[in-house]
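All remarks here apply to the structure that follows.
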Amino acid sequence: MEKEIVSEEKQKPVLDEQTLAMLLQAAYVLQEHNLEMQEMERGLSLKRDQIEAEEKLVSTSHPVALQTPQT
């Protein structure tokens, strides 16, 4: 049983310094991208809320008059 564990450990790839640096760089880029997306989503959400509030204000202060079709 112990021989299997040792042989499995030997088969694992070893990361050299350059590969690890590239992996960390990619993780950083993904993290920054995700932060930018979250900020954009917050901005869009705030803008949507602002538009909805303005529409509600307009609809309550200026009720639409019903028009009867003229024949």
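Lettering and numbering for the structure tokens are positional, with chains as A, B, ... in the shown order, residues counted from 1 in each chain, and ligands counted from 1 in the shown order.
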From a backbone DSSP assignment, name each residue in region 16-69 of chain A labelled helix (DSSP H, G or I), as an NGL selection string. :A and (17-61)
Have a look at CA of Thr19 (chain A) and CA of Asn34 (chain A) and let me know their distance in Å, one decimal. 22.6 Å
